[in-house]
Structure formats: structure tokens, C-alpha cells
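Pasting model-v8.txt here (compact mmCIF, C-alpha atoms):
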# COMPACT_ATOMS: atom_id res chain seq x y z
CA MET A 1 0.00 0.00 0.00
CA ASN A 2 1.40 3.43 -0.91
CA THR A 3 2.45 5.85 1.84
CA VAL A 4 -0.03 8.56 0.80
CA VAL A 5 -3.00 6.31 1.39
CA GLN A 6 -1.47 5.03 4.59
CA GLU A 7 -0.99 8.58 5.88
CA ARG A 8 -4.60 9.45 4.98
CA MET A 9 -5.77 6.53 7.08
CA ARG A 10 -3.76 7.66 10.08
CA THR A 11 -5.29 11.13 10.35
CA LEU A 12 -8.70 12.68 10.67
CA PRO A 13 -10.01 15.30 8.22
CA ASN A 14 -8.87 18.07 10.59
CA GLY A 15 -5.32 16.77 10.50
CA HIS A 16 -5.28 15.51 14.09
CA MET A 17 -4.55 11.94 15.08
CA PRO A 18 -7.68 10.09 16.30
CA GLU A 19 -8.01 8.99 19.90
CA LEU A 20 -7.27 5.29 19.75
CA HIS A 21 -7.07 2.48 22.25
CA PRO A 22 -3.48 2.04 23.53
CA ASP A 23 -3.36 -1.42 21.92
CA ALA A 24 -4.87 -0.28 18.62
CA GLU A 25 -3.18 -0.64 15.26
CA PRO A 26 -4.14 2.58 13.41
CA THR A 27 -4.09 0.96 9.97
CA MET A 28 -6.58 -1.68 11.15
CA THR A 29 -9.41 0.52 12.38
CA ARG A 30 -12.71 0.15 10.55
CA ALA A 31 -12.22 3.50 8.79
CA ALA A 32 -8.69 2.56 7.75
CA ARG A 33 -9.80 -0.78 6.35
CA LYS A 34 -12.57 0.92 4.41
CA GLU A 35 -10.04 3.28 2.85
CA ARG A 36 -7.76 0.39 1.98
CA ILE A 37 -10.58 -1.59 0.36
CA ALA A 38 -11.40 1.44 -1.80
CA TRP A 39 -7.75 1.69 -2.83
CA ARG A 40 -7.66 -1.98 -3.81
CA ARG A 41 -10.73 -1.63 -5.99
CA GLU A 42 -8.91 1.06 -7.92
CA HIS A 43 -5.57 -0.79 -8.04
CA LEU A 44 -6.48 -4.47 -8.46
CA ALA A 45 -3.37 -5.35 -10.48
CA GLU A 46 -1.02 -3.75 -7.94
CA TRP A 47 -2.85 -5.47 -5.07
CA ARG A 48 -2.59 -8.78 -6.91
CA ARG A 49 1.16 -8.39 -7.44
CA GLY A 50 1.55 -7.79 -3.71
CA LEU A 51 -0.29 -11.02 -2.94
CA GLU A 52 1.91 -12.98 -5.34
CA ASN A 53 4.97 -11.90 -3.35
CA LEU A 54 3.65 -13.68 -0.25
CA GLY A 55 5.37 -16.95 0.47
CA HIS A 56 2.03 -18.65 1.11
CA PHE A 57 0.34 -17.33 -2.06
CA ASP A 58 -2.09 -19.88 -3.52
CA PRO A 59 -2.84 -19.32 -7.24
CA GLU A 60 -6.04 -21.42 -6.94
CA PHE A 61 -7.46 -19.37 -4.09
CA ILE A 62 -9.54 -16.34 -5.02
CA TYR A 63 -8.57 -13.71 -2.49
CA ASP A 64 -11.19 -11.47 -0.87
CA ILE A 65 -10.57 -7.77 -1.38
CA THR A 66 -12.20 -6.97 1.97
CA HIS A 67 -9.57 -8.91 3.91
CA GLU A 68 -5.91 -8.48 4.82
CA TYR A 69 -3.26 -11.01 3.80
CA ASP A 70 0.11 -10.51 5.45
CA TYR A 71 3.23 -12.64 5.71
CA GLU A 72 2.16 -14.35 8.96
CA TRP A 73 -1.48 -13.40 9.48
CA THR A 74 -4.80 -12.73 7.78
CA THR A 75 -8.24 -11.41 8.64
CA ASP A 76 -9.88 -13.93 6.28
CA PRO A 77 -11.31 -16.83 8.32
CA ASP A 78 -11.60 -18.92 5.16
CA TYR A 79 -7.92 -18.66 4.28
CA GLY A 80 -6.22 -21.88 5.34
CA ALA A 81 -2.57 -21.38 4.35
CA GLU A 82 -0.20 -23.20 6.66
CA GLY A 83 1.53 -21.00 9.23
CA VAL A 84 -0.80 -18.04 8.68
CA ARG A 85 -2.65 -16.93 11.82
CA LEU A 86 -6.17 -15.58 11.85
CA LEU A 87 -6.51 -12.16 13.50
CA GLU A 88 -9.79 -10.39 14.15
CA PHE A 89 -9.85 -6.64 14.79
CA ASP A 90 -12.61 -4.60 16.36
CA GLU A 91 -13.63 -1.21 14.96
CA ASP A 92 -10.83 0.49 16.92
CA GLY A 93 -8.14 -1.67 15.37
CA VAL A 94 -7.58 -3.80 18.48
CA VAL A 95 -6.90 -7.49 17.96
CA SER A 96 -9.82 -9.47 19.31
CA PRO A 97 -8.98 -12.80 20.98
CA LEU A 98 -10.02 -15.81 19.00
CA GLU A 99 -13.43 -16.78 20.26
CA LYS A 100 -12.60 -19.86 22.29
CA ARG A 101 -16.25 -20.23 23.14
CA ALA A 102 -17.19 -20.45 19.46
CA ARG A 103 -14.33 -22.88 18.75
CA LYS A 104 -15.45 -25.19 21.56
CA LEU A 105 -19.02 -24.92 20.29
CA GLN A 106 -17.87 -26.03 16.83
CA GLU A 107 -16.45 -29.26 18.22
CA ARG A 108 -19.56 -29.94 20.28
CA MET A 109 -21.81 -29.26 17.29
CA ALA A 110 -19.88 -31.70 15.11
CA ASP A 111 -20.01 -34.43 17.78
CA ALA A 112 -23.75 -34.03 18.39
CA ALA A 113 -24.50 -33.84 14.67
CA ALA A 114 -22.48 -36.99 13.95
CA ASP A 115 -24.40 -38.86 16.67
CA ALA A 116 -27.75 -37.64 15.33
CA LEU A 117 -26.80 -38.87 11.83
CA THR A 118 -25.63 -42.32 12.93
CA HIS A 119 -28.41 -44.09 11.05
CA ALA A 120 -28.32 -41.84 7.97
CA ASP A 121 -26.02 -41.90 4.96
CA LEU A 122 -24.59 -38.56 6.13
CA ASP A 123 -21.69 -37.27 8.19
CA ALA A 124 -20.80 -34.02 9.95
CA ASP A 125 -17.58 -31.99 9.94
CA TYR A 126 -16.43 -28.50 10.87
CA GLU A 127 -14.11 -25.99 9.23
CA LEU A 128 -13.87 -28.19 6.15
CA GLU A 129 -13.04 -26.03 3.14
CA VAL A 130 -15.71 -26.04 0.44
CA ARG A 131 -15.09 -24.64 -3.05
CA PHE A 132 -17.89 -23.57 -5.35
CA ARG A 133 -18.64 -23.51 -9.04
CA THR A 134 -17.80 -20.29 -10.88
CA ASP A 135 -21.43 -19.59 -11.76
CA THR A 136 -22.38 -19.97 -8.07
CA ILE A 137 -19.79 -17.38 -7.04
CA GLU A 138 -20.79 -15.04 -9.86
CA HIS A 139 -24.43 -15.25 -8.81
CA ALA A 140 -23.55 -14.48 -5.19
CA ASN A 141 -21.40 -11.52 -6.28
CA ARG A 142 -24.10 -10.18 -8.54
CA THR A 143 -26.91 -10.61 -6.02
CA THR A 144 -25.00 -9.00 -3.14
CA GLY A 145 -23.49 -6.26 -5.28
CA GLU A 146 -19.93 -7.45 -4.81
CA SER A 147 -17.77 -6.12 -7.65
CA HIS A 148 -14.57 -7.98 -6.85
CA PRO A 149 -13.58 -11.62 -7.30
CA VAL A 150 -14.18 -13.55 -4.10
CA ARG A 151 -12.56 -16.63 -2.64
CA LYS A 152 -13.37 -19.96 -4.21
CA GLY A 153 -13.82 -21.59 -0.83
CA VAL A 154 -15.37 -21.05 2.57
CA ARG A 155 -14.99 -22.96 5.81
CA PRO A 156 -18.41 -23.50 7.42
CA ASP A 157 -18.50 -23.86 11.18
CA LEU A 158 -20.52 -27.05 10.68
CA LEU A 159 -21.64 -28.86 7.57
CA VAL A 160 -23.48 -32.08 6.93
CA LEU A 161 -22.17 -33.93 3.90
CA THR A 162 -23.02 -37.06 1.99
CA MET A 163 -20.94 -40.13 2.76
CA LEU A 164 -18.41 -40.71 -0.03
CA SER A 165 -16.70 -43.88 -1.12
CA GLU A 166 -12.91 -43.97 -1.26
CA ARG A 167 -12.99 -43.40 -5.01
CA GLU A 168 -15.43 -40.51 -4.64
CA ARG A 169 -13.24 -38.91 -1.96
CA GLU A 170 -10.26 -39.04 -4.30
CA ARG A 171 -12.32 -37.42 -7.03
CA PHE A 172 -14.37 -34.88 -5.08
CA MET A 173 -12.12 -34.13 -2.08
CA PRO A 174 -8.54 -33.72 -3.32
CA LYS A 175 -6.30 -32.39 -0.55
CA GLY A 176 -9.23 -32.69 1.85
CA ILE A 177 -11.21 -29.89 0.15
CA LEU A 178 -14.84 -30.52 -0.79
CA ARG A 179 -14.93 -29.51 -4.46
CA LEU A 180 -18.45 -28.64 -5.57
CA ASP A 181 -16.84 -27.24 -8.68
CA LEU A 182 -15.74 -30.81 -9.50
CA GLY A 183 -19.22 -32.24 -9.04
CA ALA A 184 -19.15 -33.20 -5.35
CA PRO A 185 -22.60 -33.63 -3.75
CA VAL A 186 -23.85 -30.36 -2.26
CA PRO A 187 -23.95 -30.43 1.57
CA PRO A 188 -27.60 -30.66 2.64
CA LEU A 189 -27.00 -28.47 5.71
CA VAL A 190 -24.59 -25.71 6.77
CA LEU A 191 -24.43 -23.97 10.15
CA GLU A 192 -22.45 -20.80 10.83
CA VAL A 193 -21.71 -19.33 14.27
CA LEU A 194 -21.55 -15.55 14.01
CA SER A 195 -18.34 -13.81 15.01
CA ARG A 196 -17.60 -10.22 15.92
CA GLY A 197 -17.30 -7.96 12.90
CA TRP A 198 -18.25 -10.55 10.28
CA ALA A 199 -21.90 -11.28 11.06
CA GLY A 200 -22.97 -9.52 7.85
CA ARG A 201 -20.87 -11.89 5.76
CA ASP A 202 -22.72 -14.92 7.17
CA LEU A 203 -26.15 -13.33 7.08
CA ASP A 204 -25.86 -11.81 3.62
CA TYR A 205 -23.11 -13.04 1.30
CA LYS A 206 -22.82 -16.62 2.57
CA ARG A 207 -26.59 -16.98 2.74
CA VAL A 208 -26.82 -16.10 -0.96
CA LEU A 209 -23.82 -18.31 -1.74
CA TYR A 210 -25.27 -21.38 -0.03
CA GLU A 211 -28.67 -20.69 -1.56
CA ALA A 212 -27.17 -20.55 -5.05
CA ALA A 213 -25.20 -23.75 -4.39
CA GLY A 214 -28.39 -25.60 -3.37
CA VAL A 215 -27.71 -26.17 0.35
CA GLY A 216 -31.07 -27.37 1.69
CA GLU A 217 -30.92 -25.92 5.21
CA TYR A 218 -28.85 -22.96 6.39
CA LEU A 219 -28.59 -22.20 10.10
CA VAL A 220 -27.00 -19.15 11.71
CA TYR A 221 -26.39 -18.93 15.45
CA ASP A 222 -25.79 -15.72 17.35
CA LEU A 223 -23.99 -16.34 20.67
CA GLY A 224 -25.26 -12.94 21.73
CA GLY A 225 -24.17 -9.46 20.71
CA LYS A 226 -22.92 -10.47 17.25
CA ARG A 227 -25.59 -9.03 14.94
CA TRP A 228 -25.79 -5.83 16.96
CA GLU A 229 -24.60 -4.76 20.38
CA ASP A 230 -27.33 -6.40 22.43
CA SER A 231 -28.59 -9.01 19.98
CA PRO A 232 -29.91 -12.04 21.87
CA GLN A 233 -28.66 -15.59 21.71
CA GLU A 234 -30.72 -16.90 18.85
CA LEU A 235 -30.78 -19.56 16.15
CA LEU A 236 -31.94 -18.47 12.69
CA MET A 237 -32.96 -21.16 10.22
CA TYR A 238 -33.47 -20.94 6.44
CA ARG A 239 -34.86 -23.73 4.25
CA LEU A 240 -34.46 -23.93 0.49
CA THR A 241 -37.86 -23.95 -1.21
CA ASP A 242 -38.26 -23.55 -4.98
CA GLY A 243 -34.63 -22.43 -5.26
CA ALA A 244 -34.83 -19.70 -2.61
CA TYR A 245 -34.28 -19.54 1.14
CA HIS A 246 -37.29 -18.93 3.36
CA ARG A 247 -37.01 -18.19 7.06
CA VAL A 248 -38.26 -21.07 9.22
CA GLU A 249 -40.14 -20.22 12.40
CA PRO A 250 -39.43 -22.16 15.62
CA GLU A 251 -41.86 -24.80 16.86
CA PRO A 252 -44.11 -22.95 19.33
CA GLN A 253 -45.17 -26.03 21.30
CA ARG A 254 -41.61 -27.19 21.94
CA SER A 255 -39.69 -23.93 22.27
CA THR A 256 -38.99 -22.33 25.65
CA ALA A 257 -38.16 -18.83 26.79
CA ASN A 258 -34.42 -19.38 26.33
CA SER A 259 -34.31 -22.01 23.59
CA ASP A 260 -36.05 -22.06 20.20
CA VAL A 261 -36.70 -25.50 18.74
CA PHE A 262 -36.71 -26.20 14.99
CA TRP A 263 -37.60 -29.22 12.91
CA SER A 264 -34.74 -30.19 10.59
CA ASN A 265 -35.47 -32.24 7.47
CA VAL A 266 -31.79 -33.15 7.27
CA PHE A 267 -31.52 -34.49 10.82
CA ASP A 268 -35.09 -35.80 10.60
CA THR A 269 -35.72 -34.60 14.13
CA TYR A 270 -35.92 -31.46 16.27
CA ILE A 271 -32.76 -29.46 17.02
CA ARG A 272 -31.94 -26.58 19.34
CA PHE A 273 -29.18 -24.63 21.08
CA LEU A 274 -29.53 -24.82 24.86
CA PRO A 275 -27.72 -21.97 26.70
CA ASP A 276 -25.71 -23.00 29.74
CA THR A 277 -27.69 -22.30 32.91
CA ARG A 278 -24.57 -20.88 34.59
CA GLU A 279 -24.53 -17.96 32.14
CA ILE A 280 -27.11 -16.04 34.14
CA SER A 281 -25.00 -16.04 37.30
CA ALA A 282 -23.21 -12.82 38.23
CA GLU A 283 -19.92 -14.72 38.57
CA VAL A 284 -20.03 -15.97 34.97
CA GLN A 285 -21.22 -12.60 33.66
CA ARG A 286 -18.00 -11.05 34.98
CA LEU A 287 -15.88 -13.47 32.91
CA PRO A 288 -14.60 -12.52 29.43
CA GLU A 289 -17.00 -13.88 26.85
CA GLU A 290 -14.52 -16.42 25.46
CA ASN A 291 -14.24 -18.00 28.95
CA ARG A 292 -17.99 -18.43 29.46
CA PRO A 293 -19.51 -21.89 28.98
CA PRO A 294 -20.87 -22.34 25.46
CA PRO A 295 -24.40 -23.53 24.75
CA ARG A 296 -25.18 -27.08 23.74
CA PHE A 297 -26.26 -28.04 20.24
CA GLN A 298 -28.82 -30.78 20.84
CA TRP A 299 -31.06 -33.14 18.87
CA TRP A 300 -34.24 -34.86 19.97
CA ASP A 301 -34.00 -38.65 20.27
CA ALA A 302 -37.58 -39.94 19.97
CA ARG A 303 -36.57 -43.47 20.95
CA GLN A 304 -35.09 -42.31 24.25
CA ASP A 305 -37.60 -39.46 24.59
CA ARG A 306 -34.96 -36.88 25.51
CA TRP A 307 -32.64 -34.18 24.16
CA ARG A 308 -29.14 -35.41 23.39
CA ASP A 309 -25.57 -34.24 22.94
CA ARG A 310 -22.44 -35.94 24.20
CA GLU A 311 -22.18 -33.95 27.42
CA THR A 312 -25.85 -34.60 28.17
CA ASP A 313 -25.33 -38.29 27.33
CA ARG A 314 -22.50 -38.46 29.88
CA GLU A 315 -24.69 -36.79 32.49
CA HIS A 316 -27.49 -39.23 31.65
CA GLU A 317 -25.13 -42.19 32.05
CA ARG A 318 -23.83 -40.86 35.38
CA GLU A 319 -27.40 -40.41 36.62
CA ALA A 320 -28.36 -43.91 35.45
CA GLU A 321 -25.27 -45.32 37.18
CA ARG A 322 -26.15 -43.43 40.37
CA GLN A 323 -29.69 -44.82 40.25
CA ARG A 324 -28.36 -48.36 39.69
CA HIS A 325 -26.03 -47.93 42.65
CA ASP A 326 -28.89 -46.64 44.80
CA ARG A 327 -31.09 -49.59 43.80
CA GLU A 328 -28.33 -52.10 44.56
CA LEU A 329 -27.70 -50.43 47.92
CA GLU A 330 -31.42 -50.49 48.73
CA GLU A 331 -31.65 -54.17 47.71
CA THR A 332 -28.65 -54.98 49.91
CA ARG A 333 -30.19 -53.16 52.84
CA ALA A 334 -33.54 -54.89 52.29
CA ALA A 335 -31.82 -58.29 52.07
CA SER A 336 -29.89 -57.56 55.26
CA LEU A 337 -33.09 -56.53 56.96
CA ARG A 338 -34.87 -59.65 55.80
CA GLU A 339 -31.93 -61.76 56.89
CA GLY A 340 -31.92 -60.06 60.27
CA GLU A 341 -35.65 -60.57 60.65
CA ALA A 342 -35.28 -64.20 59.63
CA ARG A 343 -32.52 -64.71 62.20
CA GLY A 344 -34.72 -63.10 64.81
CA GLU A 345 -37.67 -65.31 63.91
CA ALA A 346 -35.48 -68.38 63.98
CA LYS A 347 -34.04 -67.41 67.36
CA SER A 348 -37.51 -66.88 68.84
CA ALA A 349 -38.83 -70.12 67.38
CA VAL A 350 -35.84 -72.12 68.67
CA ALA A 351 -36.29 -70.59 72.12
CA ALA A 352 -39.94 -71.73 72.12
CA LEU A 353 -38.84 -75.17 70.89
CA HIS A 354 -36.54 -75.66 73.88
CA ALA A 355 -38.91 -74.05 76.34
CA PHE A 356 -41.77 -76.44 75.56
CA LEU A 357 -40.13 -79.61 74.17
CA ASP A 358 -36.81 -80.07 76.01
CA GLU A 359 -38.46 -82.72 78.16
CA VAL A 360 -40.41 -84.23 75.25
CA LEU A 361 -37.92 -84.77 72.41
CA ALA A 362 -34.50 -86.38 72.38
CA PRO A 363 -31.55 -83.92 72.50
CA ALA A 364 -30.24 -85.10 69.10
CA ASP A 365 -33.59 -84.43 67.47
CA LEU A 366 -33.89 -81.04 69.09
CA GLU A 367 -30.42 -80.16 67.81
CA ARG A 368 -31.29 -81.27 64.27
CA ILE A 369 -34.55 -79.31 64.29
CA GLU A 370 -32.71 -76.25 65.58
CA THR A 371 -30.07 -76.55 62.83
CA ILE A 372 -32.71 -76.80 60.11
CA TRP A 373 -34.68 -73.87 61.48
CA HIS A 374 -31.56 -71.70 61.57
CA ARG A 375 -30.66 -72.78 58.05
CA ASP A 376 -34.03 -72.68 56.28
CA GLY A 377 -36.10 -70.68 58.72
CA PRO A 378 -38.82 -72.08 60.97
CA PRO A 379 -42.37 -72.73 59.74
CA THR A 380 -44.49 -69.61 59.72
CA ASP A 381 -46.68 -71.16 62.44
CA ALA A 382 -43.80 -72.68 64.40
CA LEU A 383 -45.17 -71.70 67.83
CA GLN A 384 -48.53 -73.33 67.13
CA ARG A 385 -46.81 -76.51 65.92
CA VAL A 386 -44.68 -76.65 69.06
CA ARG A 387 -47.83 -76.40 71.18
CA ASP A 388 -49.51 -79.15 69.11
CA VAL A 389 -46.50 -81.46 69.58
CA LEU A 390 -46.56 -80.74 73.31
CA ARG A 391 -50.17 -82.00 73.43
CA THR A 392 -49.64 -84.89 71.01
CA PRO A 393 -45.94 -85.86 70.90
CA ASN A 394 -46.51 -88.37 68.10
CA GLN A 395 -47.11 -85.40 65.76
CA TRP A 396 -43.51 -84.20 66.17
CA ARG A 397 -42.90 -84.66 62.40
CA SER A 398 -44.84 -81.47 61.75
CA LEU A 399 -41.83 -79.57 63.09
CA LEU A 400 -39.82 -80.63 60.02
CA PRO A 401 -42.10 -80.20 57.02
CA GLY A 402 -40.53 -81.86 53.99
CA GLU A 403 -37.46 -83.03 55.89
CA LEU A 404 -38.88 -86.41 56.82
CA ASP A 405 -40.91 -86.97 53.67
CA ASP A 406 -39.77 -90.38 52.36
CA ASN A 407 -39.87 -89.01 48.79
CA GLY A 408 -38.40 -85.60 49.59
CA PRO A 409 -34.96 -84.43 48.50
CA HIS A 410 -33.87 -83.98 52.13
CA ARG A 411 -34.94 -87.38 53.42
CA SER A 412 -33.41 -87.88 56.84
CA PRO A 413 -33.07 -90.96 59.04
CA THR A 414 -36.06 -91.68 61.23
CA PRO A 415 -35.53 -89.74 64.42
CA SER A 416 -35.57 -91.40 67.80
CA ASP A 417 -38.86 -92.01 69.50
CA PRO A 418 -39.83 -89.05 71.61
CA LYS A 419 -39.11 -89.27 75.30
CA PRO A 420 -42.15 -90.02 77.40
CA PRO A 421 -43.27 -87.06 79.47
CA LYS A 422 -42.01 -86.94 83.05
CA GLY A 423 -44.23 -88.52 85.66
CA ARG A 424 -45.42 -91.40 83.51

C-alpha cells encoding of this file:
Amino acid sequence: MNTVVQERMRTLPNGHMPELHPDAEPTMTRAARKERIAWRREHLAEWRRGLENLGHFDPEFIYDITHEYDYEWTTDPDYGAEGVRLLEFDEDGVVSPLEKRARKLQERMADAAADALTHADLDADYELEVRFRTDTIEHANRTTGESHPVRKGVRPDLLVLTMLSERERERFMPKGILRLDLGAPVPPLVLEVLSRGWAGRDLDYKRVLYEAAGVGEYLVYDLGGKRWEDSPQELLMYRLTDGAYHRVEPEPQRSTANSDVFWSNVFDTYIRFLPDTREISAEVQRLPEENRPPPRFQWWDARQDRWRDRETDREHEREAERQRHDRELEETRAASLREGEARGEAKSAVAALHAFLDEVLAPADLERIETIWHRDGPPTDALQRVRDVLRTPNQWRSLLPGELDDNGPHRSPTPSDPKPPKGR
């Protein structure tokens, strides 16, 4: 860039330097970038020669005139040259930290989407470069009023793509890039998470681009404050109908105050973003946005009758394990109680046995009856049977039901005759 233009960007119309943030880069303020874009439009050939001098220059990539491409960094989130960092600047020219929250959300979205598509001939990926046909790009440029050549590829935050065979991957995904310009199947769904400063690109240019490419469902998620200063956390959904996107309204019966629910034809179920409940706490509100917990991208599992994502699945498994442990503990306690009660019943029955029949039955028989009662438990009406045997000693066999049955599995030797009562 020539020094005259650079100097114009550094000063205000009155000749004074603007009041900038101490960490600001003057040439990267919004006004400075606007000036530089205007200069590029008027000097395309010179701008192109500058790009060709970059060590990472890619002749197949169509560079975006609205972005910066330096030796070690770029402002273009779709530029994937190795060793080139992505930098985002706010309107004052201050480098914004990469949105860790959005990055973590990307991974979670891809995991949940892959699980939801387990039984479909589809897969999910994130930040996979997609390149478009020339006529698709030209249509997007024409529709949005862009007068400069744009990049061939974009990197959606999440896309659902058709499963490809090994041969198809070699043909349609050389170097890991999904080449729609080579005839690759168009992704049926794309989801973009809005970032600071570039929300308009996702809401306008990319929406037209995906529409022209034939992407069936386009979703845009605002983490809050991306579309405008106080824009709410919100999912926007567009569905391709008769070649054009139409805004899809959330399902009123399933949506809640903090989470809109949408039916997705691609996932063949309901989907939603569920904000983390900790976000409303004052402690979390004081944290930088990138350190706040991200929402959960979830899908409705009709078979399990619940919302799912991998974190929720882990919580569900932990809760199920806790419930299993509680049931086992309760069963152990109940068994111990029953065992204790049985021991108590046996002890009481044996005490009655000795109290009434010590002088009636032989000691060996009393010992055998006592052993069996401790082992198997006494008859439920043991006390009544003891009293009956006291009155009619020849009925002593009733104290061992089944034990002395000649055909029973526990057939025992015939016990000794009972002792005659004292005094006879």
C-alpha cells in the first residue's frame, strides 16, 4: 500500500490523530480498512502483485478484497494457508482474541450432529473447506453487489455432507477440500456461528452463496451481541424452497423462553441450542466472553424421549449409574433386613422349641430341628406346631415339614422315639 493512502488513514479530516485504544493498530481501524478496500478496488493489479509476493500465495485461491493477507497473518477466516494466523480486529483496530467459546461450540456441534446422523447416509464436519462452481460465485457476487472476485472456498462452522466412497473422496475431495466445482454432492445443511465484525458476511453473502449452491438448510447462530450490540442468543434457520431460502419459524409447542426449537429435514428430528444455565449467574457474567460456557447443540431422540448431545449423554449415564447404585444399595439393605428378621424369627422359634419340648424330644432331634430352622427358617406357624407337639408328641414330624418326607430331597433318618413325658 502506498504511503499517501497510509498517511490518509492515520489522520482525521482536521489533520489531528484520532483517539485510539493504547493497543490499537491505526491501519486496522474500521475506517482505515474501508479506505484500503477502496484503494484496492482502484488498483487491483497492484494489489494482486503484492499477494503474489507472499510466500504462502495460492494461485487457486480467489482472495477477498475486503480482507488483509500478510506474511504471517490474515483477517480472512476462510484462508487456510499453513503458518498463517487468523486475526480479528474490532472497529478500533484492536486485535480481538479468538473466540474460544465459538471454537469449543464447533467441536460440540460436530459431535452431536455426527451422533444424530448415525443411522443416515450422512456425516458431519467442521471448518472443512468447500469450493464452489464459478457460476455460483458469480451469482452471489451479482446478487449481493460485490464487484470484486471472491474466494473460491469457505470454511463453514458445521456442515453435513453425503458419505463418499474412497474413489469418490479421491475425485471430489482432493487435498481434503470438498470440491463442488468438480461435481461433489452439495452439503444438505450448513451452520455458521456468528463472530464479531463478520456477522454480515454470514447473514448476507454466505446466505446467498449457499442458496445458489443448493444447500437445503442454512442455520445461523448468534452467541449474543454479534448481529448488533445487544442481539440475543438466537438460532436463525433458512430452508431452500423452490430455489430460494425462506425463514423457518421455531416450533411454538416445543420452544422455551431461552431455547427455540426447529424441525430439521436433514436431521429428521428437532434441534436446538440450549444456553448453559450458569450464564445467568453474576460470577459468569463477569468473565470474558470467550471464557464463558458455550451452549449445547442438541437433537431430539424420539426413541429415548430426551434431548441429546455428548455432554448430556454423559450426564445421563452418570445419573443412570447413580440410580443403579442406589437400587443395589437399597436391595442390599432390604436383604440384610430380611436376613436379620429371619434370624430373629429363627431365634424366637428355637427358644420356644426348647422351652416347651426339652423334656419331650431327644436332644439329638432337638439339635437337628434347631439346625434346620436356623438354616431354612422355621415354619411360619412354628409356635402353634410346638404347642400341638406338646399335646400330642406323636405329631412331632410337623416340626420338620418336607425333611422327613420319604420321597423328599432332604430325606433324613427316622428320628428317635420321643421321650415319654415326666411322671409317667

Counting all atoms listed in the file, which residues of region 134-177 of chain A sit at most 9 Å from some atom of region 194-208 of chain A, and what is each one's closest atom pair with its distance in Å to one decimal, listed by chain and rising residue number, as a tab-separated table?
residue	atom	partner	partner_atom	distance
A:His139	CA	A:Val208	CA	8.2
A:Ala140	CA	A:Val208	CA	5.6
A:Asn141	CA	A:Tyr205	CA	7.9
A:Thr143	CA	A:Val208	CA	7.5
A:Thr144	CA	A:Tyr205	CA	6.3
A:Glu146	CA	A:Tyr205	CA	8.9
A:Val154	CA	A:Lys206	CA	8.7

Residues near region 250-257 of chain A, cut-off 9 Å, only C-alpha atoms, skip fewer than 4 positions along chain, as a compact mmCIF listing (two decimals) with C-alpha atoms, keeping the file's coordinate frame:
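Output saved as result11.txt:
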# COMPACT_ATOMS: atom_id res chain seq x y z
CA LEU A 236 -31.94 -18.47 12.69
CA MET A 237 -32.96 -21.16 10.22
CA VAL A 261 -36.70 -25.50 18.74
CA PHE A 262 -36.71 -26.20 14.99
CA TRP A 263 -37.60 -29.22 12.91
CA TYR A 270 -35.92 -31.46 16.27
CA ARG A 272 -31.94 -26.58 19.34

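From CA of Glu345 (chain A) back to CA of Gln395 (chain A), the distance works out to 22.3 Å.
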
- [ ] Excluding region 166-180 of chain A and residues on its chain fewer than 3 positions from it, collect all residues at most 10 Å away from it, counting all atoms listed in the file, and give them as a PyMOL selection string.
- [x] chain A and resi 128-134+136+152-153+155+161+163+183-187+213

Could you pull the residues within 6 Å of Glu192 (chain A), counting all atoms listed in the file, minus those fewer than 4 positions along the same chain, as a compact mmCIF listing (two decimals) with C-alpha atoms, keeping the file's coordinate frame?
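Contents of out_30.txt, freshly written:
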# COMPACT_ATOMS: atom_id res chain seq x y z
CA PRO A 156 -18.41 -23.50 7.42
CA ASP A 157 -18.50 -23.86 11.18
CA VAL A 220 -27.00 -19.15 11.71
